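Have a look at structure_2.tsv below; it lists TSV, C-alpha atoms.
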```tsv
chain	number	residue	atom	x	y	z
A	8	MET	CA	-24.26	-11.16	-17.86
A	9	LEU	CA	-24.19	-10.14	-14.21
A	10	ASP	CA	-26.60	-12.97	-13.36
A	11	LYS	CA	-23.61	-15.32	-13.66
A	12	LEU	CA	-22.21	-13.83	-10.46
A	13	PRO	CA	-23.30	-14.43	-6.84
A	14	ILE	CA	-26.30	-12.26	-5.88
A	15	GLU	CA	-24.38	-10.23	-3.30
A	16	ILE	CA	-21.66	-9.31	-5.79
A	17	THR	CA	-24.17	-8.52	-8.55
A	18	LYS	CA	-26.06	-6.17	-6.25
A	19	ARG	CA	-22.93	-4.28	-5.20
A	20	ILE	CA	-21.72	-3.89	-8.80
A	21	SER	CA	-25.14	-2.71	-10.05
A	22	GLU	CA	-25.06	0.14	-7.55
A	23	CYS	CA	-21.83	1.39	-9.11
A	24	LEU	CA	-22.93	1.29	-12.77
A	25	ASP	CA	-24.58	4.35	-14.28
A	26	SER	CA	-26.48	2.58	-17.02
A	27	ALA	CA	-28.17	-0.75	-17.67
A	28	GLN	CA	-26.74	-0.53	-21.20
A	29	SER	CA	-23.16	-0.79	-19.96
A	30	LYS	CA	-20.71	-2.89	-21.94
A	31	ILE	CA	-19.58	-5.67	-19.62
A	32	ASP	CA	-16.70	-8.14	-19.83
A	33	ILE	CA	-16.68	-11.00	-17.29
A	34	VAL	CA	-13.60	-13.21	-17.37
A	35	LYS	CA	-11.55	-15.52	-15.22
A	36	THR	CA	-8.04	-15.02	-16.48
A	37	ARG	CA	-4.46	-14.31	-15.45
A	38	ASN	CA	-3.50	-13.14	-18.97
A	39	ASP	CA	-4.06	-9.50	-19.94
A	40	PHE	CA	-4.58	-10.33	-23.64
A	41	ASN	CA	-7.99	-11.79	-22.69
A	42	ILE	CA	-9.23	-8.36	-21.61
A	43	LYS	CA	-11.55	-6.61	-24.10
A	44	GLY	CA	-11.39	-2.88	-24.80
A	45	GLY	CA	-14.08	-0.22	-24.62
A	46	CYS	CA	-15.81	-1.63	-21.53
A	47	ASP	CA	-17.80	0.09	-18.79
A	48	LEU	CA	-17.31	-2.85	-16.44
A	49	ILE	CA	-14.60	-5.50	-16.30
A	50	VAL	CA	-14.97	-8.40	-13.87
A	51	ASN	CA	-12.05	-10.77	-13.34
A	52	LEU	CA	-12.87	-13.77	-11.15
A	53	GLU	CA	-9.28	-15.04	-11.17
A	54	ILE	CA	-7.58	-14.16	-7.89
A	55	VAL	CA	-4.82	-11.58	-8.15
A	56	ASN	CA	-2.48	-14.00	-6.33
A	57	ASN	CA	-2.27	-16.09	-9.54
A	58	ILE	CA	-1.34	-13.19	-11.84
A	59	ARG	CA	2.40	-13.03	-12.45
A	60	ARG	CA	2.68	-9.34	-13.39
A	61	ILE	CA	-0.11	-7.80	-11.35
A	62	ASN	CA	0.56	-4.15	-12.13
A	63	LYS	CA	0.82	-4.76	-15.85
A	64	PHE	CA	-2.51	-6.61	-15.74
A	65	HIS	CA	-4.21	-3.75	-13.88
A	66	GLU	CA	-2.69	-1.23	-16.30
A	67	ILE	CA	-4.20	-3.11	-19.26
A	68	VAL	CA	-7.57	-3.16	-17.50
A	69	ASN	CA	-7.27	0.59	-16.93
A	70	LYS	CA	-6.55	1.14	-20.62
A	71	SER	CA	-9.44	-1.14	-21.65
A	72	LEU	CA	-12.06	0.64	-19.54
A	73	ASN	CA	-14.04	3.65	-20.66
A	74	LYS	CA	-13.86	6.84	-18.60
A	75	GLU	CA	-14.90	6.14	-14.99
A	76	GLY	CA	-15.32	2.47	-15.85
A	77	VAL	CA	-15.75	-0.02	-13.02
A	78	TYR	CA	-13.36	-2.89	-12.28
A	79	LEU	CA	-14.15	-5.84	-10.00
A	80	SER	CA	-11.16	-7.89	-8.90
A	81	CYS	CA	-10.64	-10.45	-6.17
A	82	ALA	CA	-7.77	-11.82	-4.14
A	83	GLU	CA	-6.82	-13.91	-1.15
A	84	THR	CA	-5.38	-11.84	1.70
A	85	LEU	CA	-2.86	-13.00	4.28
A	86	GLU	CA	-5.62	-13.47	6.84
A	87	GLU	CA	-7.87	-15.40	4.43
A	88	ARG	CA	-4.95	-17.59	3.39
A	89	ARG	CA	-4.20	-18.33	7.03
A	90	VAL	CA	-7.75	-19.57	7.49
A	91	ARG	CA	-7.56	-21.76	4.38
A	92	VAL	CA	-4.14	-23.26	5.13
A	93	ARG	CA	-4.97	-23.99	8.76
A	94	SER	CA	-8.27	-25.65	7.83
A	95	LYS	CA	-6.46	-28.11	5.55
A	96	THR	CA	-3.58	-28.91	7.91
A	97	PHE	CA	-3.42	-31.65	10.53
A	98	PHE	CA	-3.57	-30.60	14.17
A	99	GLY	CA	-0.11	-29.92	15.59
A	100	PHE	CA	1.36	-28.89	12.22
A	101	LYS	CA	-0.75	-25.79	11.52
A	102	ASN	CA	1.83	-23.13	12.54
A	103	ILE	CA	4.74	-24.98	10.93
A	104	VAL	CA	2.92	-25.33	7.61
A	105	ARG	CA	1.82	-21.68	7.70
A	106	VAL	CA	5.41	-20.48	8.23
A	107	ILE	CA	6.74	-22.69	5.41
A	108	ASP	CA	3.94	-21.48	3.12
A	109	PHE	CA	4.75	-17.84	3.91
A	110	ILE	CA	8.48	-18.27	3.23
A	111	TYR	CA	7.95	-20.20	0.00
A	112	LYS	CA	5.10	-18.13	-1.41
A	113	ARG	CA	5.99	-14.69	-0.03
A	114	VAL	CA	9.65	-14.31	0.94
A	115	ILE	CA	11.34	-16.26	-1.86
A	116	PRO	CA	9.44	-14.42	-4.68
A	117	LYS	CA	10.97	-11.15	-3.39
A	118	LEU	CA	14.61	-12.27	-3.12
A	119	PRO	CA	16.79	-11.00	-6.03
A	120	ILE	CA	18.25	-14.34	-7.19
A	121	LEU	CA	15.74	-16.90	-5.95
A	122	LYS	CA	12.73	-15.05	-7.37
A	123	ASN	CA	13.74	-15.87	-10.97
A	124	ILE	CA	13.93	-19.57	-10.13
A	125	TYR	CA	10.62	-19.35	-8.25
A	126	PHE	CA	8.75	-17.71	-11.13
A	127	ASN	CA	10.19	-20.14	-13.68
A	128	LEU	CA	8.98	-23.07	-11.58
A	129	THR	CA	5.57	-21.74	-10.51
A	130	GLY	CA	4.69	-19.00	-13.00
A	131	GLY	CA	3.92	-16.81	-9.99
A	132	ASN	CA	0.86	-18.88	-9.15
A	133	ASN	CA	-0.78	-18.68	-5.71
A	134	ARG	CA	1.50	-16.06	-4.13
A	135	VAL	CA	0.97	-14.68	-0.63
A	136	ILE	CA	-0.15	-11.02	-0.82
A	137	SER	CA	-1.27	-8.69	1.96
A	138	LYS	CA	-4.50	-6.72	1.89
A	139	SER	CA	-2.47	-3.48	1.79
A	140	GLU	CA	-0.53	-4.55	-1.28
A	141	ILE	CA	-3.67	-5.75	-3.06
A	142	LEU	CA	-5.39	-2.39	-2.58
A	143	GLY	CA	-2.23	-0.32	-3.03
A	144	ARG	CA	-1.39	-1.89	-6.39
A	145	LEU	CA	-4.88	-1.09	-7.66
A	146	ILE	CA	-4.63	2.53	-6.56
A	147	SER	CA	-1.14	2.88	-8.07
A	148	CYS	CA	-2.58	1.67	-11.38
A	149	GLY	CA	-5.09	4.53	-11.56
A	150	PHE	CA	-8.10	3.13	-9.72
A	151	GLY	CA	-10.10	4.63	-6.89
A	152	VAL	CA	-11.42	2.00	-4.49
A	153	ILE	CA	-15.21	2.28	-4.14
A	154	GLU	CA	-15.57	-0.55	-1.66
A	155	TYR	CA	-14.10	-3.89	-0.70
A	156	PHE	CA	-15.74	-6.81	1.06
A	157	GLU	CA	-15.19	-10.45	1.91
A	158	HIS	CA	-17.17	-13.22	0.22
A	159	ASP	CA	-16.47	-16.94	0.48
A	160	ASN	CA	-13.09	-16.25	2.15
A	161	LEU	CA	-11.90	-13.99	-0.66
A	162	LEU	CA	-11.50	-10.22	-0.80
A	163	TYR	CA	-13.52	-8.55	-3.57
A	164	ILE	CA	-12.66	-4.99	-4.60
A	165	ILE	CA	-14.90	-2.71	-6.62
A	166	SER	CA	-12.87	0.16	-8.06
A	167	LYS	CA	-13.29	2.88	-10.63
A	168	LYS	CA	-10.87	4.18	-13.26
A	169	ILE	CA	-9.98	7.73	-12.15
A	170	LYS	CA	-6.60	8.43	-13.78
A	171	GLU	CA	-3.65	7.03	-15.68
A	172	PRO	CA	-1.45	4.45	-13.85
A	173	ASP	CA	1.68	5.60	-12.00
A	174	TYR	CA	3.78	2.91	-13.73
A	175	ASN	CA	5.78	2.46	-10.52
A	176	MET	CA	8.92	0.54	-11.50
A	177	LYS	CA	10.69	1.08	-8.15
A	178	ALA	CA	8.37	-0.57	-5.65
A	179	SER	CA	10.33	-1.40	-2.51
A	180	TYR	CA	10.05	-4.82	-0.90
A	181	GLY	CA	13.27	-4.95	1.10
A	182	PRO	CA	13.64	-4.28	4.83
A	183	LEU	CA	15.43	-0.96	4.19
A	184	PHE	CA	13.72	1.65	2.06
A	185	LYS	CA	13.52	5.39	1.41
A	186	MET	CA	10.47	7.57	1.99
A	187	ASN	CA	10.01	10.91	0.26
A	188	ARG	CA	9.71	13.58	2.94
A	189	VAL	CA	9.60	17.38	3.05
A	190	GLY	CA	12.94	18.73	4.24
A	191	TYR	CA	14.74	22.04	4.64
A	192	LYS	CA	13.35	24.83	2.41
A	193	GLY	CA	10.67	22.44	1.17
A	194	LYS	CA	13.14	20.17	-0.63
A	195	ILE	CA	12.03	16.54	-0.94
A	196	ILE	CA	14.55	14.21	0.73
A	197	GLY	CA	14.71	10.41	0.86
A	198	VAL	CA	14.50	9.39	4.53
A	199	TYR	CA	15.76	5.88	5.31
A	200	LYS	CA	13.73	3.55	7.53
A	201	LEU	CA	13.23	-0.12	8.22
A	202	ARG	CA	9.99	-1.36	6.72
A	203	THR	CA	7.08	-1.56	9.15
A	204	MET	CA	4.30	-1.59	6.52
A	205	TYR	CA	3.47	-3.92	3.67
A	206	PRO	CA	4.56	-2.89	0.13
A	207	TYR	CA	2.38	-0.35	-1.69
A	208	SER	CA	0.89	0.80	1.64
A	209	GLU	CA	1.69	4.43	0.87
A	210	TYR	CA	-0.93	4.41	-1.89
A	211	CYS	CA	-3.64	3.49	0.64
A	212	GLN	CA	-3.05	6.41	3.00
A	213	ASP	CA	-5.87	8.70	1.87
A	214	MET	CA	-8.31	5.79	1.74
A	215	ILE	CA	-7.33	4.60	5.23
A	216	ILE	CA	-7.69	8.09	6.71
A	217	LYS	CA	-11.18	8.46	5.22
A	218	GLU	CA	-12.20	5.06	6.56
A	219	ASN	CA	-10.65	5.15	10.01
A	220	LYS	CA	-9.74	8.80	10.56
A	221	LEU	CA	-6.88	9.76	12.88
A	222	ALA	CA	-6.06	8.86	16.46
A	223	SER	CA	-5.53	11.62	19.01
A	224	SER	CA	-1.81	11.36	18.26
A	225	GLY	CA	-2.43	12.30	14.63
A	226	LYS	CA	-1.68	8.78	13.35
A	227	VAL	CA	-4.10	6.50	11.54
A	228	LEU	CA	-6.46	4.43	13.71
A	229	ASN	CA	-6.71	0.67	13.12
A	230	ASP	CA	-4.03	0.77	10.43
A	231	PHE	CA	-3.95	-2.69	8.82
A	232	ARG	CA	-0.95	-1.65	6.74
A	233	VAL	CA	1.41	-2.12	9.70
A	234	THR	CA	3.01	-5.56	10.00
A	235	THR	CA	3.22	-7.51	13.27
A	236	TRP	CA	6.97	-6.94	13.56
A	237	GLY	CA	6.42	-3.34	12.45
A	238	LYS	CA	4.45	-2.56	15.61
A	239	LEU	CA	7.35	-3.77	17.72
A	240	PHE	CA	9.89	-1.84	15.62
A	241	ARG	CA	7.87	1.36	16.01
A	242	LYS	CA	7.44	0.99	19.75
A	243	PHE	CA	11.20	0.89	20.35
A	244	TRP	CA	12.29	3.14	17.42
A	245	ILE	CA	14.11	0.26	15.73
A	246	ASP	CA	12.60	1.31	12.40
A	247	GLU	CA	14.11	4.80	12.75
A	248	LEU	CA	17.73	3.73	13.25
A	249	PRO	CA	18.55	4.03	9.50
A	250	MET	CA	17.61	7.73	9.75
A	251	PHE	CA	21.13	8.26	11.11
A	252	ILE	CA	22.19	7.87	7.46
A	253	ASN	CA	20.28	11.09	6.76
A	254	PHE	CA	21.83	12.66	9.87
A	255	PHE	CA	25.34	11.96	8.59
A	256	LYS	CA	24.31	13.22	5.13
A	257	LEU	CA	23.40	16.51	6.91
A	258	GLU	CA	19.74	16.23	5.85
A	259	LEU	CA	18.46	15.86	9.43
A	260	ASN	CA	19.37	17.47	12.75
A	261	LEU	CA	19.58	15.57	16.02
A	262	VAL	CA	16.60	17.57	17.35
A	263	GLY	CA	13.80	18.85	15.12
A	264	VAL	CA	10.27	18.29	13.91
A	265	ARG	CA	9.55	14.96	12.24
A	266	PRO	CA	10.04	14.83	8.45
A	267	LEU	CA	6.56	14.50	6.93
A	268	SER	CA	5.23	13.16	3.65
A	269	LYS	CA	4.04	15.87	1.28
A	270	ASN	CA	0.47	14.66	1.66
A	271	TYR	CA	0.59	14.84	5.47
A	272	PHE	CA	2.58	18.10	5.38
A	273	MET	CA	-0.26	19.78	3.46
A	274	LYS	CA	-2.68	18.95	6.29
A	275	TYR	CA	-0.77	21.35	8.53
A	276	PRO	CA	-1.81	25.05	8.82
A	277	GLN	CA	-0.06	27.40	6.39
A	278	ASP	CA	1.86	29.28	9.10
A	279	LEU	CA	3.24	26.05	10.57
A	280	ARG	CA	4.26	24.76	7.14
A	281	GLU	CA	6.24	27.95	6.57
A	282	LEU	CA	7.90	27.63	9.98
A	283	ARG	CA	8.75	23.97	9.42
A	284	ILE	CA	10.75	24.47	6.22
A	285	LYS	CA	12.96	27.13	7.83
A	286	PHE	CA	14.86	24.34	9.61
A	287	LYS	CA	15.98	20.80	8.94
A	288	PRO	CA	13.74	18.06	10.36
A	289	GLY	CA	15.19	16.05	13.24
A	290	LEU	CA	15.64	12.62	14.77
A	291	ILE	CA	14.23	13.64	18.15
A	292	PRO	CA	11.00	15.64	17.74
A	293	PRO	CA	9.51	18.08	20.30
A	294	TYR	CA	6.79	15.45	20.78
A	295	TYR	CA	8.98	13.64	23.34
A	296	ALA	CA	9.67	16.84	25.26
A	297	ASP	CA	6.05	18.04	25.51
A	298	LEU	CA	4.17	14.70	25.33
A	299	PRO	CA	1.08	16.13	23.58
A	300	LYS	CA	-2.09	14.03	23.82
A	301	ASN	CA	-3.84	14.87	20.54
A	302	PHE	CA	-3.19	16.23	17.07
A	303	GLU	CA	-3.94	19.86	18.00
A	304	GLN	CA	-1.51	19.65	20.89
A	305	ILE	CA	1.12	18.20	18.55
A	306	LEU	CA	0.69	21.23	16.29
A	307	ASP	CA	0.98	23.57	19.29
A	308	SER	CA	4.08	21.74	20.51
A	309	GLU	CA	5.79	22.04	17.13
A	310	ARG	CA	4.81	25.70	16.76
A	311	LYS	CA	6.19	26.56	20.22
A	312	TYR	CA	9.43	24.70	19.50
A	313	LEU	CA	9.95	26.32	16.09
A	314	GLU	CA	9.14	29.84	17.30
A	315	SER	CA	11.65	29.37	20.12
A	316	LYS	CA	14.23	28.07	17.65
A	317	VAL	CA	13.88	31.19	15.48
A	318	ASN	CA	15.15	33.28	18.39
A	319	SER	CA	17.60	30.82	19.96
A	320	PRO	CA	18.36	27.79	17.77
A	321	ILE	CA	21.18	26.17	19.77
A	322	MET	CA	19.74	26.64	23.28
A	323	THR	CA	16.30	25.51	22.11
A	324	ASP	CA	17.67	22.23	20.74
A	325	ILE	CA	19.72	21.61	23.90
A	326	LYS	CA	16.68	22.25	26.12
A	327	TYR	CA	14.38	20.01	24.08
A	328	PHE	CA	17.00	17.26	23.80
A	329	PHE	CA	17.37	16.86	27.57
A	330	ARG	CA	13.62	17.17	28.22
A	331	ALA	CA	12.99	14.41	25.65
A	332	ILE	CA	15.67	12.12	27.10
A	333	ILE	CA	14.24	12.55	30.64
A	334	ASN	CA	10.72	11.70	29.40
A	335	ILE	CA	11.96	8.66	27.49
A	336	ILE	CA	13.98	7.28	30.44
A	337	PHE	CA	11.79	8.20	33.40
A	338	LYS	CA	8.27	8.57	31.94
A	339	GLY	CA	8.40	5.72	29.45
A	340	ALA	CA	7.67	7.90	26.40
A	341	ARG	CA	7.43	5.64	23.36
A	342	SER	CA	6.62	5.85	19.68
A	343	SER	CA	3.37	4.34	18.42
```

Would you encode the structure as structure tokens?
Amino acid sequence: MLDKLPIEITKRISECLDSAQSKIDIVKTRNDFNIKGGCDLIVNLEIVNNIRRINKFHEIVNKSLNKEGVYLSCAETLEERRVRVRSKTFFGFKNIVRVIDFIYKRVIPKLPILKNIYFNLTGGNNRVISKSEILGRLISCGFGVIEYFEHDNLLYIISKKIKEPDYNMKASYGPLFKMNRVGYKGKIIGVYKLRTMYPYSEYCQDMIIKENKLASSGKVLNDFRVTTWGKLFRKFWIDELPMFINFFKLELNLVGVRPLSKNYFMKYPQDLRELRIKFKPGLIPPYYADLPKNFEQILDSERKYLESKVNSPIMTDIKYFFRAIINIIFKGARSS
């Protein structure tokens, strides 16, 4: 059956299958009832952009696959769509058409009232979806991404069933959202921020770190999850303004270490994790006072700040506050 596929795709899939006797189902469908059960490999040649309920479809595929079964899916990313739309548009209208296409096929399907009208009219066909969301939805539905590659201006993803789906019914698409972060005494708090990443990006974090590793600052290198406007928001802390909600809810201090995700928190040394949860996280981290240049220096900066705060909490915060403000104003310290 694999000989029906392009040679490049067949070769990549064959490397992921354990046996030549595998039960294979190759379809081109947007309806989950066309998926057969008990398969070792399911190939869907219909692009994800045309599937109305993407997560439900992936969940059915997960259920239909045998243990560690392989799933090949494909989609059109934002970048690939840009290439296609521009190639079919008259010169002088390319940017205008691209903006209209993005608003109609991406923004409107996410608006509370208009999305119902949109889906009734279009059936969810040909939506604009980012690469991050395409991969993140797969991972949230219990798949581990083996590899992804571009072929004929489409993104193909080979993934493997590794667990049950998360059944995430609260995916956030709006500009304001809450992130689960480790707070005082290890309690998980919802930290408010303006969105700088595409939806479902949080599910891609481990995969992105393995692929691109970390920059000297401790952040992910070449992170395609960050939107164009998100880079600007981050540079000038616009995305962090809603964190004042947490400040007024007494979940954050004005000065303190950054609130971290549980996943990232566990990458810290044990002694620093124990120090961190003795105090509330803060809006202004010691990073801006010490200006560390790599991840190890960031850890040292936080450790020095926290050890000082154990002995003199008020004076330590005052000292770090003014050092940070001076660096921001006179040395151009910025977020990244």

Rounded to one decimal in Å, what is the spacing between atom CA of A:Gln212 and atom CA of A:Tyr275?
-> 16.1 Å

Would you mind reading off the distance between atom CA of A:Leu79 and atom CA of A:Arg144, one decimal, in Å?
->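 Pair atom CA of A:Leu79 / atom CA of A:Arg144 returns 13.8 Å.
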
Once you count only C-alpha atoms, which residues end up no further than 6 Å from (15.3, 17.5, 15.5) in the file's frame, shown as a PyMOL selection string?
-> chain A and resi 260-264+288-292

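One finds atom CA of A:Glu309 at 16.1 Å from atom CA of A:Leu259.
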
Selected residue of minimal separation from A:Phe40 among A:Phe100, A:Tyr111, A:Phe64, A:Phe126, counting only C-alpha atoms = A:Phe64
